[in-house]
Amino acid sequence: MKIAVCIKQVPGTSQVEIDPVTGVLKRDGVESKMNPYDLYALETALRFKQEYDAEITVITMGPPQAQAVIKEAFMMGVDHGFLLSDRRFGGADVLATSYTLAQGIRAAGEFDLIICGKQTTDGDTAQVGAELAEFLNIPHVTSVCKINGISDNKITMLLDMPLHQETAAVSFPCLITVEKGIFEPRLPSYKLKLATADKPITVLTLDQMPDTDPAHYGLNGSPTQVKRIFPPESTNTHEMWNGEADELSRRLFHYLEDNKYLQQLR
Amino acid sequence: MPHIEIHQEKAVNKKELASLCPFGAIEIINDRLAINAACRMCRLCIKKGGGVFEYVEENTVPGVDKSQWKGIAVVAEIEEGNIHPVTFELIGKAGELAKKVNYPVYALMIGSGIRNQAEILLEYGADEVFVYDQEELQHFRIEPYTAVLEDFIRNVRPSSVLVGGTPTGRSLAPRAAARFRTGLTADCTKLDISPETDLDQIRPAYGGNIMAHINTPRHRPQFATVRYKIFSIPAKTTPHGKIHDCKLDPSKLCSGIEILNVAEKNQETGIEEAEVLVVAGRGIKKPEDLQMLQELADLLGGRLASTRAVIEAGWLDARCQIGLSGRTVKPKLLITCGVSGAIQFVAGMNSAEKIIAINTDENAPIFNVAHIGIKGDLYKIIPELIQQIKTARAEA
């Protein structure tokens, strides 16, 4: 069985702030790391490696320094790594990112299963998995919280929905996005770090993709445009309410009602 | 193709210019500035680079003919056979947007045995409801649902498609957006529409510390997802719209997914998972009084939690304790009742989105972290609050 896992390098902190005066992003100590949600996708794949003798490939799109997350994946036991890197991939939105990943996966080979994390901590859209599945023309399921097993070319899983849990069987090839906590991610191993120190990473540029039309990648292939970025208005002010108990309780009731805290129960 | 052009001759302090980019996309190669693949086109360098960086938009590809795409469509979210209220919120917002550009509001219903609820969507202001009520659509499975949404879009040609930011909506919207090779903006917190019918989409980025304003200027339809409780449910009106019964050939509703079982969820979760917490502190006089706070928590769909004092008295299970020696919580709403606000407690809850504190002592440190501090007696305020919520629910 062949499995591909999509991973991403993200800023080390999600606490990127914007200076309200100058409008410049403050980037104190912004180091890079692997998107934490991807660790669960990787761990899921690595369990299959143990149980079903699967071969695992990781794919990431990013600048040359994104090789670091592939090396980290090697230290966990991943077999192959592909980095999709090209200046022309820059400025990609969800659509262009998904398309580039789909092209990269096609270039990397054929896979039975593609596993993605729930979302990234920087883009935070949780939509790349579904778009990627569409471009690969394979079924996908999201919110996978437990793997029941693989048999007859099908994977059976538990999906965590808001009000219930569904057991679903999906035929290969397919794409799944896994929830945080599906498995406890392993730590990189020092032994594997030494063993994989010289393990090659395949770098693919736009010219090595099945589709070499630059209009489909990066900013050109992105239907959405960021018009501007700005600091959020602070909605949290501090206020003190004084008065008689019945007046205070009425005021609190209206506050809860106006701010939709009372809609909880349906 | 739009890109950033670098005027090397104007670059004086290259290091400083390179540090402008929050994504590290500006490199210095052979003493020349260059932009690498990490560029997100946020254009901060253009704004702050003193003319060194220039945004060039040459031979722009002509976009779609926007006049061929009309109306704001809402994809109704069906959860366990009922319409999820996020649908009403979206119809309300769609109505506001549609009014500005003189568009109709469409609603799309996908499911099985749901036709009888189509009328409700008209009551909330939909002009036309399209219902695909077919056996094959009993469970949310991505291929048939996308096929239906595709069929609807091809026939109706809406300018914008709004989808609830629920697990199924966040699966369906991107899949359909990719099929139409168009833009999708996830988890919008504000929506407006320009006279050119472009959606002005505002969403938080980077952990919510930055807001991004996003457009889909040259593609249709424009997809946006919005989470539950971002917009308000509009008032019901006399239905004026019409319902279209649609059908897709069952051969187009095949799926590689088989739903084998749907099980009730074990709702037993920790206080860390709760969206609303009511917290009991030392101001609670006896264990029976916790019942009152539990009732409030139930009415708000939340959980009862406490400070260390209440746990040590043996009145509540230790799993309910907030603080350094207990759990760290981050609910949407946290109401403290008779909690003084010791530092070890505050450390476990100060990142809650909204903190309301009730205490008789106006000097209690909890008022320093509370967004709303209420100086008063919880034994008077809480019972009255409970009564008002119950009355309002009974009337609804």
# chains A, B, ... in the order shown; residues from 1 in each chain; ligands from 1
$ interface_residues --of "chain A" --to "chain B" --cutoff "6 Å" --atoms "only C-alpha atoms" --output "PyMOL selection string"
chain A and resi 14+17+63+86-87+89-91+122+125+127+130-131+134+164-171+223-232+237-242+245+249+262+264
$ residues_around --residues "region 117-120 of chain B" --least-positions-apart "2" --cutoff "10 Å" --atoms "only C-alpha atoms" --output "PyMOL selection string"
chain B and resi 76+81-83+88+107-109+113-115+122-126+128-131+236+239+241-245
$ select_by_dssp --residues "region 43-247 of chain A" --states "helix (DSSP H, G or I)" --output "VMD selection string"
chain A and resid 43 to 52 64 to 76 87 to 89 94 to 108 128 to 136 190 to 195 206 to 208 214 to 216 245 to 247
$ select_by_dssp --residues "region 38-262 of chain A" --states "strand (DSSP E or B)" --output "count of residues only"
61
$ residues_around --residues "Ala45 (chain A)" --least-positions-apart "3" --cutoff "7 Å" --atoms "only C-alpha atoms" --output "tab-separated table (two decimals) with C-alpha atoms, in the first residue's frame"
chain	number	residue	atom	x	y	z
A	3	ILE	CA	0.33	6.47	1.28
A	41	ALA	CA	-1.68	12.77	9.75
A	42	LEU	CA	1.91	11.51	9.80
A	48	PHE	CA	-0.28	1.82	8.68
A	49	LYS	CA	3.37	1.32	7.92
A	56	ILE	CA	4.94	6.53	3.10
$ residues_around --residues "Tyr190 (chain A)" --least-positions-apart "4" --cutoff "10 Å" --atoms "only C-alpha atoms" --output "NGL selection string"
:A and (75-76 or 194-196)
$ residues_around --residues "Glu5 (chain B)" --least-positions-apart "6" --cutoff "10 Å" --atoms "only C-alpha atoms" --output "MDAnalysis selection string"
chainID B and resid 34:35 46 52:56
$ closest_residue --among "B:Ala297, B:Thr189, B:Ile4, B:Ser159" --to "Glu57 (chain B)" --atoms "only C-alpha atoms"
B:Ile4
$ residues_around --residues "Asp151 (chain B)" --least-positions-apart "4" --cutoff "8 Å" --atoms "only C-alpha atoms" --output "count of residues only"
3
$ residues_around --residues "region 310-319 of chain B" --least-positions-apart "6" --cutoff "12 Å" --atoms "only C-alpha atoms" --output "PyMOL selection string"
chain B and resi 269-272+279-291+294+303-304+325-329+337-339
$ closest_residue --among "A:Phe172, A:Phe111, A:Phe135, A:Tyr37" --to "Thr97 (chain A)" --atoms "only C-alpha atoms"
A:Phe135
$ closest_residue --among "A:Leu39, A:Ala96, A:Leu175, A:Val10" --to "Ala215 (chain A)" --atoms "only C-alpha atoms"
A:Ala96
$ atom_distance --atom1 "CA of Pro36 (chain A)" --atom2 "CA of Gly117 (chain A)"
8.4 Å
$ atom_distance --atom1 "CA of Glu9 (chain B)" --atom2 "CA of Glu27 (chain B)"
16.0 Å
$ decode --residues "region 32-75 of chain A" --atoms "N, CA and C atoms" --output "PDB file, in the first residue's frame"
ATOM      1  N   SER A  32      10.272  28.547  12.230  1.00  0.00           N
ATOM      2  CA  SER A  32       9.350  27.680  11.508  1.00  0.00           C
ATOM      3  C   SER A  32       9.295  26.311  12.158  1.00  0.00           C
ATOM      4  N   LYS A  33       8.178  25.645  11.963  1.00  0.00           N
ATOM      5  CA  LYS A  33       8.033  24.286  12.478  1.00  0.00           C
ATOM      6  C   LYS A  33       7.042  23.553  11.585  1.00  0.00           C
ATOM      7  N   MET A  34       6.901  22.263  11.840  1.00  0.00           N
ATOM      8  CA  MET A  34       5.891  21.527  11.101  1.00  0.00           C
ATOM      9  C   MET A  34       4.518  21.896  11.662  1.00  0.00           C
ATOM     10  N   ASN A  35       3.547  22.072  10.747  1.00  0.00           N
ATOM     11  CA  ASN A  35       2.182  22.345  11.183  1.00  0.00           C
ATOM     12  C   ASN A  35       1.767  21.270  12.184  1.00  0.00           C
ATOM     13  N   PRO A  36       1.409  21.646  13.419  1.00  0.00           N
ATOM     14  CA  PRO A  36       1.133  20.641  14.452  1.00  0.00           C
ATOM     15  C   PRO A  36       0.046  19.629  14.057  1.00  0.00           C
ATOM     16  N   TYR A  37      -0.946  20.054  13.284  1.00  0.00           N
ATOM     17  CA  TYR A  37      -2.014  19.134  12.881  1.00  0.00           C
ATOM     18  C   TYR A  37      -1.485  18.037  11.946  1.00  0.00           C
ATOM     19  N   ASP A  38      -0.404  18.343  11.228  1.00  0.00           N
ATOM     20  CA  ASP A  38       0.158  17.357  10.305  1.00  0.00           C
ATOM     21  C   ASP A  38       0.796  16.185  11.037  1.00  0.00           C
ATOM     22  N   LEU A  39       1.193  16.427  12.289  1.00  0.00           N
ATOM     23  CA  LEU A  39       1.819  15.352  13.053  1.00  0.00           C
ATOM     24  C   LEU A  39       0.847  14.179  13.213  1.00  0.00           C
ATOM     25  N   TYR A  40      -0.448  14.510  13.331  1.00  0.00           N
ATOM     26  CA  TYR A  40      -1.454  13.454  13.489  1.00  0.00           C
ATOM     27  C   TYR A  40      -1.652  12.689  12.182  1.00  0.00           C
ATOM     28  N   ALA A  41      -1.576  13.420  11.062  1.00  0.00           N
ATOM     29  CA  ALA A  41      -1.681  12.771   9.754  1.00  0.00           C
ATOM     30  C   ALA A  41      -0.483  11.840   9.552  1.00  0.00           C
ATOM     31  N   LEU A  42       0.697  12.323   9.926  1.00  0.00           N
ATOM     32  CA  LEU A  42       1.913  11.514   9.797  1.00  0.00           C
ATOM     33  C   LEU A  42       1.834  10.268  10.665  1.00  0.00           C
ATOM     34  N   GLU A  43       1.392  10.469  11.906  1.00  0.00           N
ATOM     35  CA  GLU A  43       1.317   9.338  12.829  1.00  0.00           C
ATOM     36  C   GLU A  43       0.341   8.282  12.303  1.00  0.00           C
ATOM     37  N   THR A  44      -0.785   8.742  11.748  1.00  0.00           N
ATOM     38  CA  THR A  44      -1.764   7.805  11.189  1.00  0.00           C
ATOM     39  C   THR A  44      -1.105   6.961  10.095  1.00  0.00           C
ATOM     40  N   ALA A  45      -0.366   7.632   9.220  1.00  0.00           N
ATOM     41  CA  ALA A  45       0.316   6.917   8.137  1.00  0.00           C
ATOM     42  C   ALA A  45       1.346   5.935   8.691  1.00  0.00           C
ATOM     43  N   LEU A  46       2.080   6.376   9.705  1.00  0.00           N
ATOM     44  CA  LEU A  46       3.145   5.527  10.250  1.00  0.00           C
ATOM     45  C   LEU A  46       2.573   4.282  10.941  1.00  0.00           C
ATOM     46  N   ARG A  47       1.375   4.409  11.508  1.00  0.00           N
ATOM     47  CA  ARG A  47       0.736   3.226  12.082  1.00  0.00           C
ATOM     48  C   ARG A  47       0.424   2.198  10.978  1.00  0.00           C
ATOM     49  N   PHE A  48      -0.004   2.723   9.809  1.00  0.00           N
ATOM     50  CA  PHE A  48      -0.281   1.823   8.684  1.00  0.00           C
ATOM     51  C   PHE A  48       1.005   1.153   8.211  1.00  0.00           C
ATOM     52  N   LYS A  49       2.087   1.886   8.333  1.00  0.00           N
ATOM     53  CA  LYS A  49       3.370   1.320   7.920  1.00  0.00           C
ATOM     54  C   LYS A  49       3.684   0.093   8.765  1.00  0.00           C
ATOM     55  N   GLN A  50       3.458   0.228  10.072  1.00  0.00           N
ATOM     56  CA  GLN A  50       3.709  -0.900  10.962  1.00  0.00           C
ATOM     57  C   GLN A  50       2.741  -2.051  10.679  1.00  0.00           C
ATOM     58  N   GLU A  51       1.467  -1.708  10.527  1.00  0.00           N
ATOM     59  CA  GLU A  51       0.440  -2.730  10.481  1.00  0.00           C
ATOM     60  C   GLU A  51       0.262  -3.355   9.103  1.00  0.00           C
ATOM     61  N   TYR A  52       0.377  -2.534   8.077  1.00  0.00           N
ATOM     62  CA  TYR A  52       0.069  -3.028   6.731  1.00  0.00           C
ATOM     63  C   TYR A  52       1.266  -2.923   5.786  1.00  0.00           C
ATOM     64  N   ASP A  53       2.427  -2.632   6.362  1.00  0.00           N
ATOM     65  CA  ASP A  53       3.633  -2.554   5.561  1.00  0.00           C
ATOM     66  C   ASP A  53       3.512  -1.482   4.461  1.00  0.00           C
ATOM     67  N   ALA A  54       2.928  -0.373   4.808  1.00  0.00           N
ATOM     68  CA  ALA A  54       2.721   0.695   3.823  1.00  0.00           C
ATOM     69  C   ALA A  54       4.009   1.478   3.570  1.00  0.00           C
ATOM     70  N   GLU A  55       4.065   2.066   2.379  1.00  0.00           N
ATOM     71  CA  GLU A  55       5.203   2.907   2.008  1.00  0.00           C
ATOM     72  C   GLU A  55       4.717   4.356   2.078  1.00  0.00           C
ATOM     73  N   ILE A  56       5.444   5.177   2.830  1.00  0.00           N
ATOM     74  CA  ILE A  56       4.941   6.531   3.105  1.00  0.00           C
ATOM     75  C   ILE A  56       5.768   7.598   2.397  1.00  0.00           C
ATOM     76  N   THR A  57       5.062   8.489   1.709  1.00  0.00           N
ATOM     77  CA  THR A  57       5.699   9.623   1.040  1.00  0.00           C
ATOM     78  C   THR A  57       5.116  10.905   1.618  1.00  0.00           C
ATOM     79  N   VAL A  58       5.974  11.864   1.951  1.00  0.00           N
ATOM     80  CA  VAL A  58       5.439  13.165   2.352  1.00  0.00           C
ATOM     81  C   VAL A  58       5.642  14.160   1.219  1.00  0.00           C
ATOM     82  N   ILE A  59       4.683  15.064   1.096  1.00  0.00           N
ATOM     83  CA  ILE A  59       4.743  16.097   0.064  1.00  0.00           C
ATOM     84  C   ILE A  59       4.477  17.438   0.708  1.00  0.00           C
ATOM     85  N   THR A  60       5.315  18.402   0.416  1.00  0.00           N
ATOM     86  CA  THR A  60       5.080  19.741   0.928  1.00  0.00           C
ATOM     87  C   THR A  60       5.351  20.750  -0.165  1.00  0.00           C
ATOM     88  N   MET A  61       4.667  21.876  -0.087  1.00  0.00           N
ATOM     89  CA  MET A  61       4.931  22.979  -1.004  1.00  0.00           C
ATOM     90  C   MET A  61       5.488  24.123  -0.170  1.00  0.00           C
ATOM     91  N   GLY A  62       6.522  24.757  -0.662  1.00  0.00           N
ATOM     92  CA  GLY A  62       7.070  25.863   0.110  1.00  0.00           C
ATOM     93  C   GLY A  62       8.418  26.294  -0.417  1.00  0.00           C
ATOM     94  N   PRO A  63       9.023  27.256   0.259  1.00  0.00           N
ATOM     95  CA  PRO A  63      10.353  27.719  -0.135  1.00  0.00           C
ATOM     96  C   PRO A  63      11.396  26.629   0.162  1.00  0.00           C
ATOM     97  N   PRO A  64      12.619  26.801  -0.339  1.00  0.00           N
ATOM     98  CA  PRO A  64      13.645  25.759  -0.137  1.00  0.00           C
ATOM     99  C   PRO A  64      13.809  25.353   1.323  1.00  0.00           C
ATOM    100  N   GLN A  65      13.660  26.311   2.246  1.00  0.00           N
ATOM    101  CA  GLN A  65      13.873  25.956   3.665  1.00  0.00           C
ATOM    102  C   GLN A  65      12.806  25.009   4.215  1.00  0.00           C
ATOM    103  N   ALA A  66      11.729  24.801   3.453  1.00  0.00           N
ATOM    104  CA  ALA A  66      10.683  23.866   3.901  1.00  0.00           C
ATOM    105  C   ALA A  66      11.176  22.424   3.892  1.00  0.00           C
ATOM    106  N   GLN A  67      12.372  22.191   3.342  1.00  0.00           N
ATOM    107  CA  GLN A  67      12.992  20.860   3.414  1.00  0.00           C
ATOM    108  C   GLN A  67      13.082  20.378   4.852  1.00  0.00           C
ATOM    109  N   ALA A  68      13.158  21.338   5.774  1.00  0.00           N
ATOM    110  CA  ALA A  68      13.308  20.989   7.193  1.00  0.00           C
ATOM    111  C   ALA A  68      12.178  20.083   7.673  1.00  0.00           C
ATOM    112  N   VAL A  69      10.944  20.344   7.214  1.00  0.00           N
ATOM    113  CA  VAL A  69       9.838  19.504   7.707  1.00  0.00           C
ATOM    114  C   VAL A  69       9.880  18.109   7.084  1.00  0.00           C
ATOM    115  N   ILE A  70      10.443  18.009   5.878  1.00  0.00           N
ATOM    116  CA  ILE A  70      10.590  16.677   5.273  1.00  0.00           C
ATOM    117  C   ILE A  70      11.643  15.880   6.049  1.00  0.00           C
ATOM    118  N   LYS A  71      12.722  16.544   6.408  1.00  0.00           N
ATOM    119  CA  LYS A  71      13.761  15.871   7.191  1.00  0.00           C
ATOM    120  C   LYS A  71      13.188  15.398   8.532  1.00  0.00           C
ATOM    121  N   GLU A  72      12.350  16.243   9.115  1.00  0.00           N
ATOM    122  CA  GLU A  72      11.718  15.864  10.385  1.00  0.00           C
ATOM    123  C   GLU A  72      10.846  14.617  10.186  1.00  0.00           C
ATOM    124  N   ALA A  73      10.128  14.592   9.062  1.00  0.00           N
ATOM    125  CA  ALA A  73       9.274  13.430   8.772  1.00  0.00           C
ATOM    126  C   ALA A  73      10.131  12.173   8.573  1.00  0.00           C
ATOM    127  N   PHE A  74      11.293  12.325   7.952  1.00  0.00           N
ATOM    128  CA  PHE A  74      12.224  11.189   7.793  1.00  0.00           C
ATOM    129  C   PHE A  74      12.609  10.631   9.156  1.00  0.00           C
ATOM    130  N   MET A  75      12.815  11.560  10.115  1.00  0.00           N
ATOM    131  CA  MET A  75      13.238  11.130  11.457  1.00  0.00           C
ATOM    132  C   MET A  75      12.135  10.374  12.185  1.00  0.00           C
TER     133      MET A  75
END
